[in-house]
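The next block is start-v7.txt, given as compact mmCIF, C-alpha atoms.
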```
# COMPACT_ATOMS: atom_id res chain seq x y z
CA MET N 584 -20.41 -3.18 -16.04
CA ASP N 585 -18.13 -3.50 -19.07
CA THR N 586 -14.85 -5.31 -18.57
CA TYR N 587 -11.47 -5.29 -20.32
CA PRO N 588 -9.33 -8.23 -21.41
CA LEU N 589 -6.18 -8.01 -19.31
CA PRO N 590 -3.76 -8.32 -22.29
CA SER N 591 -5.34 -5.23 -23.87
CA LEU N 592 -4.13 -3.16 -20.90
CA LEU N 593 -0.91 -4.73 -19.68
CA THR N 594 1.61 -7.09 -21.23
CA THR N 595 2.57 -9.11 -18.16
CA LYS N 596 6.29 -9.82 -17.88
CA ARG N 597 6.45 -10.81 -14.20
CA TRP N 598 3.94 -11.66 -11.52
CA ALA N 599 3.73 -12.70 -7.87
CA HIS N 600 1.12 -14.18 -5.54
CA LEU N 601 0.40 -11.71 -2.74
CA PRO N 602 -1.17 -13.80 0.05
CA SER N 603 -0.39 -11.05 2.58
CA PHE N 604 -3.23 -9.00 1.05
CA THR N 605 -6.95 -9.49 0.69
CA GLY N 606 -9.99 -7.25 0.38
CA PHE N 607 -13.54 -6.41 1.35
CA THR N 608 -16.42 -4.38 -0.04
CA VAL N 609 -18.74 -1.89 1.65
CA ALA N 610 -22.06 -1.33 -0.12
CA GLY N 611 -25.47 0.20 0.47
CA LEU N 612 -27.45 3.44 0.30
CA ASP N 613 -25.35 4.99 3.08
CA ALA N 614 -21.98 3.48 2.12
CA ARG N 615 -20.64 6.73 0.67
CA ALA N 616 -21.44 8.80 3.77
CA PHE N 617 -20.30 6.04 6.11
CA LEU N 618 -16.87 5.65 4.51
CA GLN N 619 -16.46 9.41 4.21
CA GLY N 620 -16.82 9.66 7.97
CA GLN N 621 -14.35 6.88 8.79
CA LEU N 622 -11.32 6.98 6.47
CA THR N 623 -8.55 9.52 5.86
CA ASN N 624 -9.14 10.16 2.17
CA ASP N 625 -12.03 11.84 0.36
CA ILE N 626 -14.33 9.23 -1.13
CA GLU N 627 -15.56 11.84 -3.60
CA SER N 628 -12.14 11.80 -5.28
CA VAL N 629 -12.22 8.07 -6.03
CA ASN N 630 -14.60 8.24 -8.99
CA ALA N 631 -15.32 5.29 -11.24
CA GLY N 632 -12.12 4.19 -12.93
CA ARG N 633 -9.75 5.40 -10.19
CA HIS N 634 -8.28 4.05 -6.97
CA GLN N 635 -6.56 5.74 -4.04
CA ARG N 636 -4.70 5.04 -0.82
CA THR N 637 -6.61 5.64 2.37
CA GLY N 638 -6.24 4.88 6.07
CA PHE N 639 -8.27 4.16 9.19
CA CYS N 640 -7.11 5.96 12.33
CA SER N 641 -7.66 5.68 16.06
CA PRO N 642 -9.17 8.69 17.87
CA LYS N 643 -5.56 9.70 18.63
CA GLY N 644 -4.82 10.01 14.92
CA ARG N 645 -2.64 6.88 14.69
CA LEU N 646 -3.05 4.63 11.68
CA LEU N 647 -4.75 1.33 12.51
CA THR N 648 -4.33 0.18 8.91
CA THR N 649 -3.74 1.41 5.38
CA MET N 650 -5.76 0.41 2.31
CA LEU N 651 -6.32 0.83 -1.40
CA GLN N 652 -9.88 1.93 -2.17
CA TRP N 653 -11.85 2.02 -5.42
CA ARG N 654 -15.46 2.29 -6.51
CA SER N 655 -16.66 -1.16 -7.51
CA GLY N 656 -20.31 -0.32 -8.28
CA GLU N 657 -22.95 2.36 -8.17
CA ALA N 658 -23.13 2.22 -4.37
CA SER N 659 -20.21 0.00 -3.43
CA TRP N 660 -16.54 0.58 -2.65
CA ALA N 661 -13.86 -2.09 -2.53
CA HIS N 662 -10.78 -2.05 -0.28
CA LEU N 663 -7.48 -3.92 -0.48
CA ILE N 664 -5.98 -4.46 2.97
CA PRO N 665 -3.29 -6.55 4.71
CA GLU N 666 -4.83 -9.99 5.18
CA GLU N 667 -3.77 -10.19 8.82
CA SER N 668 -5.76 -7.03 9.60
CA LEU N 669 -9.00 -7.85 7.77
CA GLU N 670 -10.98 -9.27 10.70
CA ARG N 671 -9.78 -6.66 13.19
CA ILE N 672 -10.49 -3.70 10.92
CA THR N 673 -13.87 -4.79 9.56
CA LYS N 674 -15.02 -5.60 13.11
CA ARG N 675 -14.01 -2.11 14.26
CA LEU N 676 -15.60 -0.38 11.27
CA LYS N 677 -18.87 -2.22 11.87
CA MET N 678 -19.00 -0.70 15.36
CA PHE N 679 -19.76 2.66 13.70
CA VAL N 680 -22.48 1.49 11.29
CA LEU N 681 -25.34 2.03 13.80
CA ARG N 682 -28.53 2.61 11.74
CA SER N 683 -26.74 3.28 8.45
CA LYS N 684 -27.84 1.22 5.46
CA VAL N 685 -24.47 -0.39 4.93
CA SER N 686 -23.36 -3.98 4.33
CA PHE N 687 -19.92 -5.58 4.38
CA SER N 688 -18.90 -8.44 2.12
CA SER N 689 -18.52 -11.79 3.86
CA ALA N 690 -15.16 -13.26 4.77
CA GLU N 691 -15.78 -15.98 2.18
CA ALA N 692 -15.94 -13.31 -0.52
CA SER N 693 -12.55 -11.79 0.31
CA TYR N 694 -10.23 -11.07 -2.59
CA CYS N 695 -7.30 -12.99 -4.01
CA VAL N 696 -4.43 -10.64 -4.91
CA ILE N 697 -1.68 -10.87 -7.54
CA GLY N 698 1.08 -8.37 -8.31
CA LEU N 699 1.90 -7.74 -11.98
CA TRP N 700 4.83 -6.05 -13.69
CA GLY N 701 4.78 -5.34 -17.39
CA GLU N 702 4.24 -2.75 -20.08
CA ALA N 703 1.14 -0.81 -21.04
CA ALA N 704 -0.50 -2.47 -24.03
CA GLY N 705 -2.86 -1.56 -26.88
CA GLU N 706 -4.09 2.00 -26.99
CA LEU N 707 -2.49 2.63 -23.60
CA ALA N 708 1.01 1.95 -24.91
CA ASN N 709 1.39 5.60 -25.88
CA VAL N 710 -0.14 6.97 -22.66
CA ALA N 711 2.26 8.59 -20.20
CA PRO N 712 2.85 6.30 -17.18
CA SER N 713 1.64 9.05 -14.85
CA GLU N 714 -1.75 8.93 -16.61
CA PHE N 715 -1.90 5.13 -16.36
CA GLU N 716 -1.10 5.14 -12.64
CA GLY N 717 -4.08 5.32 -10.31
CA ARG N 718 -6.50 3.77 -12.79
CA ALA N 719 -8.88 0.96 -11.78
CA TYR N 720 -9.93 -1.31 -14.65
CA PRO N 721 -12.58 -4.07 -14.35
CA ILE N 722 -11.07 -7.19 -15.94
CA ALA N 723 -12.81 -10.10 -17.66
CA ALA N 724 -11.59 -13.47 -16.36
CA THR N 725 -12.71 -15.16 -19.57
CA SER N 726 -13.51 -13.82 -23.02
CA GLY N 727 -16.89 -12.10 -23.09
CA ALA N 728 -17.39 -12.25 -19.31
CA THR N 729 -19.29 -9.45 -17.63
CA ALA N 730 -19.42 -8.33 -14.02
CA GLU N 731 -22.43 -7.57 -11.86
CA GLU N 732 -23.37 -3.91 -11.43
CA ASP N 733 -22.04 -3.86 -7.86
CA GLY N 734 -18.71 -5.31 -9.00
CA THR N 735 -18.90 -8.25 -6.61
CA ASN N 736 -17.72 -10.85 -9.12
CA ALA N 737 -15.31 -8.61 -11.04
CA CYS N 738 -11.57 -8.77 -11.17
CA TRP N 739 -9.75 -5.45 -11.08
CA LEU N 740 -6.43 -4.18 -12.35
CA LEU N 741 -5.28 -1.33 -10.10
CA MET N 742 -2.36 0.36 -11.81
CA ASP N 743 0.12 1.76 -9.29
CA THR N 744 3.23 3.91 -9.52
CA THR N 745 6.03 2.48 -11.61
CA CYS N 746 8.79 0.72 -9.68
CA PRO N 747 12.11 2.40 -10.61
CA VAL N 748 13.74 -1.05 -10.89
CA LEU N 749 11.08 -3.55 -12.03
CA GLY N 750 8.90 -1.23 -14.12
CA GLN N 751 5.18 -0.59 -14.55
CA ARG N 752 3.03 -2.54 -12.13
CA GLY N 753 -0.52 -3.18 -11.02
CA TRP N 754 -2.53 -5.07 -8.43
CA LEU N 755 -4.76 -7.79 -9.89
CA VAL N 756 -7.61 -8.31 -7.42
CA GLY N 757 -10.69 -10.51 -7.53
CA PRO N 758 -12.38 -13.81 -6.60
CA GLU N 759 -9.91 -16.69 -6.38
CA ASP N 760 -11.40 -18.79 -9.19
CA ALA N 761 -11.43 -15.86 -11.58
CA ILE N 762 -7.90 -14.83 -10.65
CA ASN N 763 -6.69 -18.39 -11.23
CA GLN N 764 -8.13 -18.25 -14.76
CA LEU N 765 -6.12 -15.11 -15.45
CA VAL N 766 -2.95 -16.48 -13.87
CA ALA N 767 -3.16 -19.49 -16.19
CA GLY N 768 -2.36 -17.09 -19.02
CA PHE N 769 0.96 -16.04 -17.47
CA SER N 770 2.89 -19.10 -18.65
CA ALA N 771 5.38 -16.92 -20.52
CA ALA N 772 5.84 -14.53 -17.60
CA GLN N 773 8.42 -14.82 -14.82
CA GLU N 774 7.01 -15.67 -11.38
CA LEU N 775 8.64 -13.78 -8.52
CA PRO N 776 8.21 -14.12 -4.73
CA GLU N 777 5.96 -11.76 -2.81
CA SER N 778 9.08 -10.08 -1.43
CA ALA N 779 9.72 -8.65 -4.90
CA TRP N 780 6.40 -6.82 -4.68
CA SER N 781 7.33 -5.58 -1.21
CA PHE N 782 10.56 -4.28 -2.73
CA SER N 783 8.57 -2.46 -5.42
CA GLU N 784 6.44 -0.78 -2.76
CA ILE N 785 9.56 0.27 -0.84
CA GLU N 786 11.18 1.61 -4.01
CA SER N 787 7.99 3.60 -4.62
CA GLY N 788 8.14 5.02 -1.08
CA LYS N 789 4.77 3.54 -0.14
CA ALA N 790 4.31 2.28 3.41
CA TRP N 791 1.74 -0.22 4.65
CA VAL N 792 0.69 -0.48 8.27
CA TRP N 793 0.81 -4.07 9.52
CA GLU N 794 -0.23 -5.60 12.84
CA LYS N 795 3.27 -5.00 14.25
CA THR N 796 3.08 -1.30 13.46
CA GLN N 797 -0.62 -0.51 13.93
CA ASP N 798 -1.59 2.39 16.20
CA ILE N 799 1.92 3.90 16.09
CA PHE N 800 2.10 6.35 13.18
CA VAL N 801 0.25 9.58 12.52
CA PRO N 802 -0.20 9.49 8.70
CA GLN N 803 2.48 12.12 8.06
CA MET N 804 5.07 9.99 9.88
CA VAL N 805 4.88 7.48 7.01
CA ASN N 806 4.55 10.18 4.31
CA PHE N 807 0.96 9.12 3.74
CA GLU N 808 -0.20 12.56 2.62
CA LEU N 809 2.63 12.66 0.06
CA ILE N 810 1.24 9.57 -1.68
CA GLN N 811 -2.26 11.12 -1.68
CA GLY N 812 -3.59 9.01 1.19
CA VAL N 813 -5.01 11.91 3.22
CA SER N 814 -7.49 14.68 2.44
CA PHE N 815 -7.31 17.81 4.58
CA THR N 816 -10.59 19.23 3.22
CA LYS N 817 -13.04 16.31 3.50
CA GLY N 818 -14.25 16.86 7.05
CA CYS N 819 -14.28 14.72 10.15
CA TYR N 820 -13.13 11.13 10.65
CA PRO N 821 -11.61 9.41 13.71
CA GLY N 822 -8.36 11.19 14.61
CA GLN N 823 -8.92 13.98 12.06
CA GLU N 824 -8.12 16.79 14.49
CA VAL N 825 -4.76 15.25 15.40
CA VAL N 826 -3.85 14.65 11.75
CA ALA N 827 -4.80 18.22 10.78
CA ARG N 828 -2.91 19.68 13.74
CA SER N 829 0.19 17.71 12.73
CA GLN N 830 -0.08 19.21 9.26
CA TYR N 831 -0.73 22.85 10.06
CA LEU N 832 0.58 23.59 13.55
CA GLY N 833 4.34 23.57 13.92
CA LYS N 834 6.90 21.68 11.89
CA LEU N 835 6.76 17.93 11.33
CA LYS N 836 9.47 16.26 13.41
CA ARG N 837 9.29 12.70 12.08
CA ARG N 838 9.28 11.23 8.58
CA THR N 839 9.82 7.96 6.74
CA TYR N 840 13.02 7.55 4.73
CA ARG N 841 14.53 5.02 2.33
CA ALA N 842 17.54 3.08 3.66
CA ASP N 843 19.51 -0.09 2.95
CA ILE N 844 21.45 -2.71 4.86
CA ALA N 845 24.58 -3.40 2.82
CA ALA N 846 25.26 -6.95 1.66
CA ALA N 847 28.32 -7.18 3.90
CA GLU N 848 26.21 -6.53 7.01
CA VAL N 849 23.16 -8.68 6.28
CA GLN N 850 24.67 -11.58 8.24
CA GLN N 851 24.40 -9.46 11.40
CA LEU N 852 20.61 -9.62 11.31
CA SER N 853 19.20 -11.53 14.27
CA VAL N 854 15.72 -12.00 12.77
CA PRO N 855 14.36 -12.84 9.29
CA VAL N 856 13.79 -9.93 6.93
CA SER N 857 10.02 -10.45 7.22
CA ASP N 858 10.25 -9.75 10.96
CA LEU N 859 12.11 -6.44 10.62
CA PRO N 860 9.04 -4.12 10.57
CA GLY N 861 8.70 -2.66 14.05
CA GLN N 862 12.40 -3.15 14.91
CA ASP N 863 14.10 -0.15 16.54
CA VAL N 864 16.41 2.22 14.68
CA TRP N 865 19.25 3.79 16.67
CA SER N 866 21.48 6.80 16.15
CA LYS N 867 25.07 6.81 17.40
CA ALA N 868 24.82 10.59 17.52
CA ASN N 869 22.17 10.29 20.27
CA PRO N 870 22.55 6.83 21.88
CA ALA N 871 20.22 7.29 24.86
CA GLU N 872 17.18 5.69 23.20
CA PRO N 873 15.91 4.52 19.79
CA CYS N 874 15.19 7.31 17.32
CA GLY N 875 12.76 5.38 15.12
CA ARG N 876 11.66 2.03 13.75
CA VAL N 877 11.45 -0.04 10.60
CA VAL N 878 8.24 0.40 8.59
CA ALA N 879 8.93 -2.04 5.74
CA ALA N 880 11.72 -4.41 4.70
CA ALA N 881 12.46 -6.65 1.72
CA PRO N 882 15.40 -8.12 -0.19
CA SER N 883 16.55 -5.99 -3.12
CA PHE N 884 15.94 -7.12 -6.71
CA ASN N 885 17.60 -6.17 -9.97
CA ALA N 886 15.95 -5.27 -13.28
CA GLN N 887 16.02 -8.94 -14.34
CA GLY N 888 13.95 -9.96 -11.32
CA ALA N 889 16.81 -11.63 -9.42
CA ALA N 890 17.13 -11.11 -5.65
CA ARG N 891 20.25 -9.31 -4.40
CA PRO N 892 21.81 -9.35 -0.90
CA PRO N 893 21.19 -5.72 0.19
CA ILE N 894 18.04 -5.30 2.30
CA ALA N 895 15.74 -2.44 1.26
CA LEU N 896 14.00 -0.56 4.08
CA LEU N 897 11.56 2.20 4.83
CA ILE N 898 12.39 3.61 8.28
CA GLU N 899 10.43 6.12 10.34
CA LEU N 900 12.47 8.37 12.62
CA THR N 901 13.10 11.93 13.69
CA ILE N 902 14.25 14.31 10.98
CA GLU N 903 17.11 15.34 13.26
CA ALA N 904 18.35 11.74 13.56
CA TRP N 905 18.19 11.20 9.80
CA GLU N 906 20.18 14.35 9.13
CA GLY N 907 22.73 13.30 11.77
CA GLY N 908 23.39 9.93 10.13
CA ALA N 909 25.27 7.07 11.85
CA LEU N 910 22.10 4.96 12.02
CA THR N 911 21.97 1.31 13.04
CA LEU N 912 19.30 -1.36 13.24
CA GLY N 913 18.19 -3.16 16.39
CA SER N 914 20.89 -1.74 18.67
CA LEU N 915 23.85 0.60 18.61
CA ASP N 916 25.99 -2.37 17.58
CA GLY N 917 23.56 -3.55 14.92
CA PRO N 918 23.95 -3.36 11.12
CA SER N 919 24.64 0.12 9.77
CA LEU N 920 21.96 1.74 7.64
CA GLN N 921 22.89 3.41 4.37
CA ALA N 922 20.83 6.36 3.19
CA GLY N 923 18.67 5.72 0.14
CA GLN N 924 16.50 7.92 -2.07
CA LEU N 925 12.73 8.31 -2.10
CA PRO N 926 10.99 8.94 -5.46
CA TYR N 927 9.28 12.06 -4.08
CA SER N 928 10.32 15.13 -2.13
CA LEU N 929 9.67 15.33 1.60
CA ALA N 930 9.79 19.12 1.30
CA VAL N 931 6.32 19.15 -0.26
CA ALA N 932 4.53 19.20 3.08
CA ALA N 933 7.34 19.82 5.57
```

Represent the supplied structure as structure tokens.
Amino acid sequence: MDTYPLPSLLTTKRWAHLPSFTGFTVAGLDARAFLQGQLTNDIESVNAGRHQRTGFCSPKGRLLTTMLQWRSGEASWAHLIPEESLERITKRLKMFVLRSKVSFSSAEASYCVIGLWGEAAGELANVAPSEFEGRAYPIAATSGATAEEDGTNACWLLMDTTCPVLGQRGWLVGPEDAINQLVAGFSAAQELPESAWSFSEIESGKAWVWEKTQDIFVPQMVNFELIQGVSFTKGCYPGQEVVARSQYLGKLKRRTYRADIAAAEVQQLSVPVSDLPGQDVWSKANPAEPCGRVVAAAPSFNAQGAARPPIALLIELTIEAWEGGALTLGSLDGPSLQAGQLPYSLAVAA
């Protein structure tokens, strides 16, 4: 498998270690059919050179995790997943292997993950960002290095949607030693905390399901179909009937929205920002019970990469409560939530 030098694709301006993420590979003669029958997205649409979001649901159609998926070899597919969920999810997936000719990478071979912000380089400099996004490039850790045909020792640059604040960005994924070689070349780039990457995901309207929020959301509740994480034509997978029914029967009643906690109210928080996912959201217009919960939270950052006091959130709640406003976090007396703007329209599938 041919590889690209990283500088020929992306001029790295900022980067961050992402220890909250790791990865695993599923390979074998039956890997394609196996994954097609387990995950929410169509494996046929993730051809060589592309990546996609996908999810793994319970039989009730609730997301147990979310992932990035790409084809790493002729009969192998790699997955980027929250590190805390790796053991739980791979153990559950293996329950469905049965007699299929499928193998999972070992825990020792899990991926190291780095987030990059920069500008498209070389011949890609004149390519529209929308064409760059969604690409999966095998990267050489050292000059002239090649990867095995199954992609097991390759690094990958997974270009994602551009952050409206911090710019073009991509996930750099691969074995730790190889990633460390690449990181050594970032001496002129600005290192940011992982929370800056979380902010970029929030600004892009992309939700991850963590251990605190697993088995809660039908994919549409976190706008997963709007970021191309669900196929409604691929056939059966666990929870598929519930997901399809949510899409086609009746009107969706819950969505995920962008919100902020203003700087003046941050001091009211009773828990660290990292512990906000899963916290209740309340509406003063209907105070009887919580109307939703936090999906993701991170400090805000400016275009220079400096953290700012407002807290950026993705919150899942009823459409009625969002339209009614007067939202608070944690309790009716908690910090007020200010409405933000998603980079896509919720009307697409409503």

Inset, instruction - Identify, on the basis of all atoms listed in the file, every residue whose closest approach to stretch 796-808 of chain N does not exceed 7 Å; exclude the query and any residue fewer than 6 positions from it along the same chain; express the result as a list in words. - result: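 Non-adjacent residues within range: Ser641, Gly644, Arg645, Leu646, Leu647, Thr648, Ala790, Val826, Arg837, Arg838, Thr839, Gly861 and Glu899 of chain N.
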
Inset, instruction - May I ask which of the residues N:Val856, N:Leu912, N:Ala658, N:Cys819 is the closest one to N:Gln619, counting all atoms listed in the file? - result: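 Of all the options, N:Cys819 lies closest to N:Gln619.
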
Inset, instruction - Write out as a ChimeraX atom specification the residues lying within 9 Å of N:Leu852, counting only C-alpha atoms and excluding same-chain residues fewer than 5 positions away. - result: /N:912-913,917-918

Legend entry - Residue neighbourhood N:Gly875, 10 Å, all atoms listed in the file, exclusion window fewer than 2 positions, as number ranges by chain: N: 837-839, 861-866, 872-873, 877-878, 898-902, 904-905, 910, 912

Legend entry - atom CA of N:Gly638 to atom CA of N:Tyr831, straight-line distance in Å: 19.2 Å

Legend entry - Who sits within 10 Å of stretch 760-765 of chain N, all atoms listed in the file, same chain under 6 positions skipped, as JSON, numbers by chain: {"N": [588, 589, 590, 694, 695, 696, 697, 722, 723, 724, 725, 736, 737, 738, 739]}

Inset, instruction - Can you pull out every residue within 7 Å of N:Trp660, counting only C-alpha atoms, but drop anything in the same chain fewer than 4 positions away, and send it as number ranges by chain? - result: N: 608-610, 652-656

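Of the listed residues N:Pro665, N:Gly923, N:Gly818, N:Pro721, the one whose atoms come nearest to N:Gly788 is N:Gly923, with distances taken using all atoms listed in the file.
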
Legend entry - N:Gly611, N:Ser814, N:Ala719, N:Pro602 ranked by distance to N:Ile626, top pick (using all atoms listed in the file): N:Ser814

Inset, instruction - Check the smallest atom-to-atom distance from each of N:Lys643, N:Arg633, N:Arg615, N:Arg597 to N:Arg828 using all atoms listed in the file, then report the winner. - result: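 Ranked by minimum distance to N:Arg828, first place goes to N:Lys643.
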
Padded axis-aligned box of stretch 845-864 of chain N (5 Å per side), centre and edge lengths, Å, one decimal, as AutoDock Vina command-line options:
```
--center_x 18.5 --center_y -5.3 --center_z 9.1 --size_x 29.6 --size_y 25.1 --size_z 24.9
```

Inset, instruction - Work out how far atom CA of N:Val748 is from atom CA of N:Ile785, in Å to one decimal. - result: 11.0 Å

Inset, instruction - Grab the atom CA of N:Gly698 to atom CA of N:Ile664 distance for me, in Å with one decimal place. - result: 13.9 Å

Inset, instruction - Go through N:Phe687, N:Phe607, N:Trp700, N:Phe617 one by one, measure the shortest atom-to-atom distance of each to N:Leu775 using all atoms listed in the file, and give the residue with the smallest value. - result: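 Closest to N:Leu775, using all atoms listed in the file: N:Trp700.
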
Legend entry - Selected residue, from N:Glu774, N:Asp916, N:Glu666, N:Glu824, that lies nearest to N:Ser853 when counting only C-alpha atoms: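 Counting only C-alpha atoms, the residue closest to N:Ser853 is N:Asp916.
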
Inset, instruction - Just give me the residues with any atom within 8 Å of (12.6, -4.5, 2.9), file coordinates, counting all atoms listed in the file, written as a list of chain:residue names. - result: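 Here is the list of nearby residues: N:Ser778, N:Ser781, N:Phe782, N:Ile785, N:Val856, N:Ser857, N:Leu859, N:Ala879, N:Ala880, N:Ala881, N:Pro882, N:Ser883, N:Ile894, N:Ala895, N:Leu896, N:Leu897.
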
Model the absent atoms of stretch 682-707 of chain N so that N, CA and C atoms are present, and write the result as a tab-separated table (two decimals), in the coordinates of the input.
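Result file follows (part14.tsv):
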```
chain	number	residue	atom	x	y	z
N	682	ARG	N	-27.33	2.81	12.55
N	682	ARG	CA	-28.53	2.61	11.74
N	682	ARG	C	-28.29	2.84	10.25
N	683	SER	N	-27.04	3.03	9.86
N	683	SER	CA	-26.74	3.28	8.45
N	683	SER	C	-27.07	2.05	7.61
N	684	LYS	N	-27.54	2.30	6.39
N	684	LYS	CA	-27.84	1.22	5.46
N	684	LYS	C	-26.56	0.85	4.72
N	685	VAL	N	-25.81	-0.01	5.40
N	685	VAL	CA	-24.47	-0.39	4.93
N	685	VAL	C	-24.30	-1.89	5.13
N	686	SER	N	-23.67	-2.56	4.17
N	686	SER	CA	-23.36	-3.98	4.33
N	686	SER	C	-21.91	-4.22	3.95
N	687	PHE	N	-21.29	-5.17	4.66
N	687	PHE	CA	-19.92	-5.58	4.38
N	687	PHE	C	-19.93	-6.93	3.69
N	688	SER	N	-19.02	-7.13	2.76
N	688	SER	CA	-18.90	-8.44	2.12
N	688	SER	C	-18.50	-9.47	3.16
N	689	SER	N	-18.85	-10.72	2.92
N	689	SER	CA	-18.52	-11.79	3.86
N	689	SER	C	-17.05	-12.17	3.74
N	690	ALA	N	-16.55	-12.81	4.78
N	690	ALA	CA	-15.16	-13.26	4.77
N	690	ALA	C	-14.91	-14.24	3.62
N	691	GLU	N	-15.93	-15.01	3.26
N	691	GLU	CA	-15.78	-15.98	2.18
N	691	GLU	C	-15.61	-15.30	0.83
N	692	ALA	N	-16.03	-14.04	0.75
N	692	ALA	CA	-15.94	-13.31	-0.52
N	692	ALA	C	-14.70	-12.42	-0.59
N	693	SER	N	-13.74	-12.63	0.31
N	693	SER	CA	-12.55	-11.79	0.31
N	693	SER	C	-11.74	-12.02	-0.96
N	694	TYR	N	-10.93	-11.06	-1.31
N	694	TYR	CA	-10.23	-11.07	-2.59
N	694	TYR	C	-8.94	-11.90	-2.57
N	695	CYS	N	-8.62	-12.43	-3.73
N	695	CYS	CA	-7.30	-12.99	-4.01
N	695	CYS	C	-6.51	-11.89	-4.72
N	696	VAL	N	-5.22	-11.77	-4.41
N	696	VAL	CA	-4.43	-10.64	-4.91
N	696	VAL	C	-3.15	-11.13	-5.58
N	697	ILE	N	-2.88	-10.57	-6.76
N	697	ILE	CA	-1.68	-10.87	-7.54
N	697	ILE	C	-0.99	-9.55	-7.88
N	698	GLY	N	0.33	-9.53	-7.85
N	698	GLY	CA	1.08	-8.37	-8.31
N	698	GLY	C	1.61	-8.60	-9.71
N	699	LEU	N	1.45	-7.62	-10.59
N	699	LEU	CA	1.90	-7.74	-11.98
N	699	LEU	C	2.91	-6.64	-12.31
N	700	TRP	N	3.92	-7.02	-13.08
N	700	TRP	CA	4.83	-6.05	-13.69
N	700	TRP	C	4.79	-6.26	-15.19
N	701	GLY	N	4.81	-5.19	-15.95
N	701	GLY	CA	4.78	-5.34	-17.39
N	701	GLY	C	4.88	-4.02	-18.11
N	702	GLU	N	4.25	-3.96	-19.28
N	702	GLU	CA	4.24	-2.75	-20.08
N	702	GLU	C	2.82	-2.46	-20.53
N	703	ALA	N	2.45	-1.19	-20.55
N	703	ALA	CA	1.14	-0.81	-21.04
N	703	ALA	C	0.95	-1.31	-22.46
N	704	ALA	N	-0.24	-1.84	-22.74
N	704	ALA	CA	-0.50	-2.47	-24.03
N	704	ALA	C	-1.59	-1.72	-24.80
N	705	GLY	N	-1.78	-2.11	-26.06
N	705	GLY	CA	-2.86	-1.56	-26.88
N	705	GLY	C	-2.82	-0.06	-26.97
N	706	GLU	N	-3.99	0.55	-26.87
N	706	GLU	CA	-4.09	2.00	-26.99
N	706	GLU	C	-3.43	2.73	-25.83
N	707	LEU	N	-3.13	2.01	-24.75
N	707	LEU	CA	-2.49	2.63	-23.60
N	707	LEU	C	-0.97	2.68	-23.74
```
